[in-house]
Amino acid sequence: MSTTVEHTSVEAGPFIGGRFVESSGQERQDSVSPATGQVVGSFALGLPADVDRAVAAARDAFESWSSLTVFDRCRYLERLIEEIRNRREELARLLALEQGKPYRLEALPEIDETIANIRVAVELAKYLEGTVPQLADPRKRAFVYRVPRGVVAAIQPWNFPLGTASAQIAPALATGNTVVALPAPSTTLIEYEWARCFEAAGFPPGVFNLVTGSGPVVGDAMTAHPDVQVVAFTGSVATGRHIAARASGKAQLIELGGNGPVVVLDDADLDAVVPDALQSTYGAAGQSCTASGRFLVHDAVYDEFAHRLTEAVQREIKLGLPFDDATTMGPLNNAPLAEKLDRHLGTALDAGATLLTGGGRAKGFPTDLYWEPTVLTGVTESMAVAVEETFGPIAPLQRIASGSEALELMHKSPYGLCAAVYTKDIARGLTFAEKAPSGLVNVNSRPGDTETHLPFGGRAGKLSGIGKILGRYPMEDVFTELKLISLKLG
Ligand code: NAD
């Protein structure tokens with residue numbers, strides 16, 4: 001099998017104050033494609049001194065950027081959209097090579113999602129308003145302004161690098177904040193190329209900055225920096241908890257993991273559940289916070305569902321190279337994740353679960369990160385594959401006796417990001433959804449089925465995050481704050 005894809009090597013480093021600059025650190029890290037094993041380029045391992053420079057540039061740019069009208073700021077974001085559109089195929093190609101996702105099916109759509117996220121921010125930022133409240137004192141007037149907070153530290157995961165970056169950064173910029181971004185190490189090159197679009201769009205120096213490097217070094221320096229007012233983070237629970245503690249006192253938008261329970265009730269239309277299950281379990285090779293991480297299936301339809309899902313997986317999911325048009329699922333992004341999947345599968349099999357199809361690393365590919373689409377039956381609550389975030393292409397099927405049992409299991413789960421329930425009885429579905437402890441619950445569609453203007457985020461009290469991203473919500477709740485100015489007449 002041919003293992004290389006033609007590409008130009010990308011040598012990434014910081015983008016600070018409107019220029020691509022040298023990092024203060026001398027060390028670099030290679031970026032290796034999970035799909036082909038080839039070195040795609042390298043990036044500078046930034047140091048806290050780089051963060052200081054980037055935050056200073058963002059702080060210096062804040063006053064003039066926040067003084068522009070929202071209409072003027074949005075003109076820059078419109079130009080950014082144009083630059084991304086002009087480089088759509090090129091960006092998608094690098095995204096597929098560096099991240100591993102199929103080019104046509106997932107990388108191009110992520111570029112389009114990036115544009116859509118910016119477009120939503122451009123549209124909605126213009127409608128934010130302050131108020132002129134009534135007062136008890138007739139000699140006074142008061143004005144409640146909605147003002148940007150300042151410098152935003154924006155930290156992204158590797159699964160949807162540009163999708164998540166745009167969801168954090170576009171609303172932050174549209175509302176008048178300035179940004180310092182940190183990409184995940186394994187998707188640094190694509191964010192570096194994205195920074196070129198900011199440069200080409202002519203943003204004023206310091207409005208958008210990027211520092212490359214490792215989370216514990218660059219990220220720690222960003223989240224505790226005294227001149228950073230907001231931390232926007234999308235990533236794992238462990239890192240999110242660390243960051244939330246470190247950034248205490250700052251405004252926070254923290255988007256973490258989930259395990260997307262799909263509840264299939266006894267009257268579910270399996271013709272609808274199976275295609276959705278294929279998309280939400282094996283799309284992004286399961287590496288999505290909205291993936292279906294577990295299936296809670298009523299005893300009455302369990303065997304039929306298991307049979308139909310297995311057949312559909314064998315027939316329709318084609319594991320392969322990202323640039324092969326027949327591919328519907330690419331490799332995993334990184335080795336630690338593949339090892340976690342091996343562990344989740346191995347411990348489940350040891351504890352009595354049975355494989356219906358798939359079952360671990362696929363052979364005959366350029367790297368050992370190709371993991372077979374898998375269906376696992378006889379899963380119980382004692383297994384990590386059922387209760388943790390697996391983040392891979394495994395459908396663990398667990399038998400339930402009733403909808404209330406499913407609700408009980410969901411309440412016990414530490415996660416509460418998104419969920420789905422399938423039933424032909426709409427009233428029953430709605431009642432279930434109202435009781436389910438998740439930030440998003442879909443009746444008769446997959447857990448992650450939503451749109452870019454709607455609120456997205458975990459339920460309070462669970463470990464899936466704090467605050468809502470997408471739509472007008474982060475602009476109102478995180479990237480702006482209310483400021484009261486009152487004056488005495490005469
Ligand atoms: P991760 O937590 O390992 O890394 C995320 C980012 O945090 C990276 O950029 C990393 O460099 C940085 N980081 C690491 N240590 C840091 C530190 N000490 N300080 C500051 N930053 C630090 O997560 P990941 O593996 O890249 O992403 C996968 C996770 O993201 C999954 O759990 C997934 O569910 C979650 N996710 C959530 C959403 C959502 O919207 N809720 C969306 C996508 C992904």
# chains A, B, ... in the order shown; residues from 1 in each chain; ligands from 1
>>> residues_around(residues="Val301 of chain A", least_positions_apart="2", cutoff="10 Å", atoms="only C-alpha atoms", output="PyMOL selection string")
chain A and resi 264-270+297-299+303-306+399
>>> write_last_selection(atoms="N, CA, C and O atoms", output="mmCIF file, in the first residue's frame")
data_model
loop_
_atom_site.group_PDB
_atom_site.id
_atom_site.type_symbol
_atom_site.label_atom_id
_atom_site.label_comp_id
_atom_site.auth_asym_id
_atom_site.auth_seq_id
_atom_site.Cartn_x
_atom_site.Cartn_y
_atom_site.Cartn_z
ATOM 1 N N VAL A 264 -32.550 3.339 23.336
ATOM 2 C CA VAL A 264 -33.456 2.785 22.329
ATOM 3 C C VAL A 264 -34.603 2.119 23.091
ATOM 4 O O VAL A 264 -34.420 1.065 23.706
ATOM 5 N N LEU A 265 -35.786 2.768 23.091
ATOM 6 C CA LEU A 265 -36.923 2.232 23.851
ATOM 7 C C LEU A 265 -37.616 1.123 23.061
ATOM 8 O O LEU A 265 -37.335 0.917 21.873
ATOM 9 N N ASP A 266 -38.527 0.415 23.720
ATOM 10 C CA ASP A 266 -39.130 -0.780 23.116
ATOM 11 C C ASP A 266 -39.925 -0.481 21.857
ATOM 12 O O ASP A 266 -40.093 -1.365 21.017
ATOM 13 N N ASP A 267 -40.398 0.785 21.679
ATOM 14 C CA ASP A 267 -41.188 1.099 20.481
ATOM 15 C C ASP A 267 -40.368 1.924 19.476
ATOM 16 O O ASP A 267 -40.935 2.633 18.647
ATOM 17 N N ALA A 268 -39.050 1.865 19.555
ATOM 18 C CA ALA A 268 -38.210 2.665 18.649
ATOM 19 C C ALA A 268 -38.308 2.155 17.213
ATOM 20 O O ALA A 268 -38.479 0.954 16.972
ATOM 21 N N ASP A 269 -38.172 3.081 16.265
ATOM 22 C CA ASP A 269 -38.129 2.712 14.847
ATOM 23 C C ASP A 269 -36.669 2.392 14.506
ATOM 24 O O ASP A 269 -35.867 3.306 14.285
ATOM 25 N N LEU A 270 -36.366 1.113 14.437
ATOM 26 C CA LEU A 270 -34.957 0.729 14.239
ATOM 27 C C LEU A 270 -34.428 1.182 12.877
ATOM 28 O O LEU A 270 -33.219 1.388 12.708
ATOM 29 N N VAL A 297 -30.254 -0.260 25.339
ATOM 30 C CA VAL A 297 -31.272 -0.770 24.418
ATOM 31 C C VAL A 297 -32.272 -1.647 25.173
ATOM 32 O O VAL A 297 -31.887 -2.577 25.900
ATOM 33 N N HIS A 298 -33.573 -1.341 24.970
ATOM 34 C CA HIS A 298 -34.623 -2.100 25.655
ATOM 35 C C HIS A 298 -34.575 -3.564 25.223
ATOM 36 O O HIS A 298 -34.391 -3.878 24.037
ATOM 37 N N ASP A 299 -34.799 -4.412 26.222
ATOM 38 C CA ASP A 299 -34.771 -5.865 26.018
ATOM 39 C C ASP A 299 -35.627 -6.316 24.817
ATOM 40 O O ASP A 299 -35.229 -7.196 24.052
ATOM 41 N N ASP A 303 -31.989 -7.687 20.614
ATOM 42 C CA ASP A 303 -31.348 -8.649 19.690
ATOM 43 C C ASP A 303 -31.472 -8.179 18.238
ATOM 44 O O ASP A 303 -30.522 -8.271 17.461
ATOM 45 N N GLU A 304 -32.674 -7.687 17.911
ATOM 46 C CA GLU A 304 -32.913 -7.203 16.542
ATOM 47 C C GLU A 304 -31.983 -6.016 16.224
ATOM 48 O O GLU A 304 -31.371 -5.953 15.155
ATOM 49 N N PHE A 305 -31.855 -5.105 17.179
ATOM 50 C CA PHE A 305 -30.994 -3.927 16.965
ATOM 51 C C PHE A 305 -29.535 -4.363 16.810
ATOM 52 O O PHE A 305 -28.826 -3.895 15.900
ATOM 53 N N ALA A 306 -29.094 -5.271 17.688
ATOM 54 C CA ALA A 306 -27.696 -5.732 17.635
ATOM 55 C C ALA A 306 -27.408 -6.341 16.262
ATOM 56 O O ALA A 306 -26.365 -6.074 15.641
ATOM 57 N N ARG A 399 -28.126 -3.880 27.792
ATOM 58 C CA ARG A 399 -29.569 -4.181 27.836
ATOM 59 C C ARG A 399 -30.227 -3.424 28.979
ATOM 60 O O ARG A 399 -29.684 -3.394 30.083
#
>>> residues_around(residues="Glu82 of chain A", least_positions_apart="3", cutoff="9 Å", atoms="only C-alpha atoms", output="list in words")
Leu77, Glu78, Arg79, Arg85, Asn86, Arg87, Ile115, Cys197 and Ala201 of chain A
>>> atom_distance(atom1="atom CA of Leu409 of chain A", atom2="atom CA of Gly283 of chain A")
24.8 Å
>>> select_by_dssp(residues="segment 204-423 of chain A", states="strand (DSSP E or B)", output="number ranges by chain")
A: 208-210, 230-234, 251-255, 261-264, 294-298, 319, 329, 354-357, 361, 371, 374-377, 394-400, 418-422
>>> closest_residue(among="A:Asn333, A:Thr357, A:Ser23, A:Thr234", to="ligand 1", atoms="only C-alpha atoms and all ligand atoms")
A:Thr234
>>> atom_distance(atom1="atom CA of Phe203 of chain A", atom2="atom CA of Val21 of chain A")
16.5 Å
>>> residues_around(residues="Gly330 of chain A", least_positions_apart="4", cutoff="10 Å", atoms="only C-alpha atoms", output="JSON, numbers by chain")
{"A": [34, 35, 96, 99, 100, 101, 102, 103, 106, 282, 283, 284, 285, 318, 319, 320, 321, 322, 323, 324, 369, 370, 371, 372]}
>>> residues_around(residues="Ala420 of chain A", least_positions_apart="6", cutoff="10 Å", atoms="only C-alpha atoms", output="number ranges by chain")
A: 260-264, 273, 292, 295, 429, 432-433, 436, 438, 440-449
>>> select_by_dssp(residues="segment 111-215 of chain A", states="alpha helix (DSSP H)", output="NGL selection string")
:A and (111-125 or 161-174 or 188-201)
>>> residues_around(residues="segment 164-169 of chain A", least_positions_apart="6", cutoff="6 Å", atoms="only C-alpha atoms", output="PyMOL selection string")
chain A and resi 114+117+156
>>> residues_around(residues="Asp50 of chain A", least_positions_apart="6", cutoff="10 Å", atoms="only C-alpha atoms", output="PDB file with C-alpha atoms, in the first residue's frame")
ATOM      1  CA  PRO A  14       4.188  31.649  16.876  1.00  0.00           C
ATOM      2  CA  PHE A  15       2.067  34.327  15.205  1.00  0.00           C
ATOM      3  CA  ILE A  16       2.355  37.375  17.449  1.00  0.00           C
ATOM      4  CA  VAL A  21       8.009  35.235  14.550  1.00  0.00           C
ATOM      5  CA  GLU A  22      10.709  33.002  16.008  1.00  0.00           C
ATOM      6  CA  SER A  23       9.865  31.244  19.267  1.00  0.00           C
ATOM      7  CA  SER A  24      11.994  31.987  22.353  1.00  0.00           C
ATOM      8  CA  GLY A  25      12.464  28.219  22.608  1.00  0.00           C
ATOM      9  CA  ALA A  56       1.176  41.815  25.630  1.00  0.00           C
ATOM     10  CA  LEU A 210      -1.108  31.971  18.194  1.00  0.00           C
ATOM     11  CA  VAL A 211       1.546  30.268  20.307  1.00  0.00           C
ATOM     12  CA  THR A 212       2.603  26.739  19.403  1.00  0.00           C
ATOM     13  CA  GLY A 213       3.885  24.248  21.965  1.00  0.00           C
ATOM     14  CA  VAL A 218       2.358  27.172  26.993  1.00  0.00           C
ATOM     15  CA  ALA A 221       1.433  30.137  31.215  1.00  0.00           C
ATOM     16  CA  MET A 222      -1.700  31.296  29.372  1.00  0.00           C
TER      17      MET A 222
END
>>> atom_distance(atom1="atom CA of Glu476 of chain A", atom2="atom 14 (C, counted along the ligand's line) of ligand 1")
26.7 Å
>>> residues_around(residues="Leu128 of chain A", least_positions_apart="3", cutoff="12 Å", atoms="only C-alpha atoms", output="compact mmCIF listing (two decimals) with N, CA and C atoms, in the first residue's frame")
# COMPACT_ATOMS: atom_id res chain seq x y z
N VAL A 70 -19.07 47.17 16.16
CA VAL A 70 -19.20 45.75 15.85
C VAL A 70 -19.29 45.56 14.33
N PHE A 71 -19.86 46.55 13.64
CA PHE A 71 -19.99 46.43 12.18
C PHE A 71 -18.60 46.44 11.53
N ALA A 121 -21.28 34.15 14.31
CA ALA A 121 -20.79 35.21 15.21
C ALA A 121 -21.01 36.59 14.56
N VAL A 122 -20.70 36.67 13.26
CA VAL A 122 -20.86 37.94 12.54
C VAL A 122 -22.33 38.39 12.56
N GLU A 123 -23.22 37.42 12.38
CA GLU A 123 -24.64 37.78 12.33
C GLU A 123 -25.17 38.18 13.71
N LEU A 124 -24.80 37.40 14.73
CA LEU A 124 -25.45 37.59 16.03
C LEU A 124 -24.82 38.68 16.89
N ALA A 125 -23.53 38.95 16.69
CA ALA A 125 -22.87 39.96 17.53
C ALA A 125 -23.53 41.32 17.37
N THR A 131 -28.95 48.05 28.26
CA THR A 131 -30.28 48.52 28.63
C THR A 131 -30.18 49.87 29.34
N TYR A 145 -24.17 48.82 29.98
CA TYR A 145 -23.43 48.53 28.73
C TYR A 145 -23.10 47.05 28.70
N ARG A 146 -23.00 46.52 27.49
CA ARG A 146 -22.44 45.16 27.34
C ARG A 146 -21.05 45.35 26.75
N VAL A 147 -20.02 45.03 27.53
CA VAL A 147 -18.64 45.34 27.09
C VAL A 147 -17.80 44.07 26.97
N PRO A 148 -16.82 44.08 26.05
CA PRO A 148 -15.91 42.93 25.95
C PRO A 148 -15.03 42.85 27.20
N PRO A 171 -16.69 34.38 18.09
CA PRO A 171 -17.53 35.22 18.97
C PRO A 171 -16.70 36.10 19.90
N ALA A 174 -15.62 39.02 17.55
CA ALA A 174 -16.76 39.85 17.10
C ALA A 174 -17.22 40.77 18.21
N THR A 175 -17.13 40.33 19.46
CA THR A 175 -17.62 41.14 20.58
C THR A 175 -16.55 42.09 21.10
N GLY A 176 -15.34 42.10 20.48
CA GLY A 176 -14.37 43.14 20.82
C GLY A 176 -13.20 42.68 21.68
N GLY A 471 -23.84 29.93 18.86
CA GLY A 471 -24.94 30.87 18.91
C GLY A 471 -24.55 32.15 19.65
N ARG A 472 -25.55 32.81 20.21
CA ARG A 472 -25.27 34.09 20.88
C ARG A 472 -24.80 33.87 22.32
N TYR A 473 -24.88 32.62 22.79
CA TYR A 473 -24.71 32.33 24.21
C TYR A 473 -23.32 32.66 24.74
N PRO A 474 -22.22 32.24 24.09
CA PRO A 474 -20.91 32.60 24.65
C PRO A 474 -20.67 34.10 24.57
N MET A 475 -21.29 34.77 23.60
CA MET A 475 -21.10 36.23 23.49
C MET A 475 -21.76 36.93 24.67
N GLU A 476 -22.91 36.42 25.08
CA GLU A 476 -23.62 37.06 26.21
C GLU A 476 -23.02 36.64 27.55
N ASP A 477 -22.69 35.37 27.67
CA ASP A 477 -22.36 34.84 29.00
C ASP A 477 -20.88 34.86 29.32
N PHE A 479 -17.96 36.18 26.72
CA PHE A 479 -17.05 37.13 26.06
C PHE A 479 -17.42 38.59 26.30
N THR A 480 -18.62 38.82 26.87
CA THR A 480 -18.95 40.19 27.29
C THR A 480 -19.44 40.15 28.72
N GLU A 481 -19.41 41.30 29.36
CA GLU A 481 -20.00 41.40 30.69
C GLU A 481 -20.80 42.70 30.76
N LEU A 482 -21.66 42.78 31.76
CA LEU A 482 -22.47 43.98 31.91
C LEU A 482 -21.71 44.99 32.74
>>> closest_residue(among="A:Gly358, A:Pro275, A:Gly240, A:Gly206", to="ligand 1", atoms="only C-alpha atoms and all ligand atoms")
A:Gly240
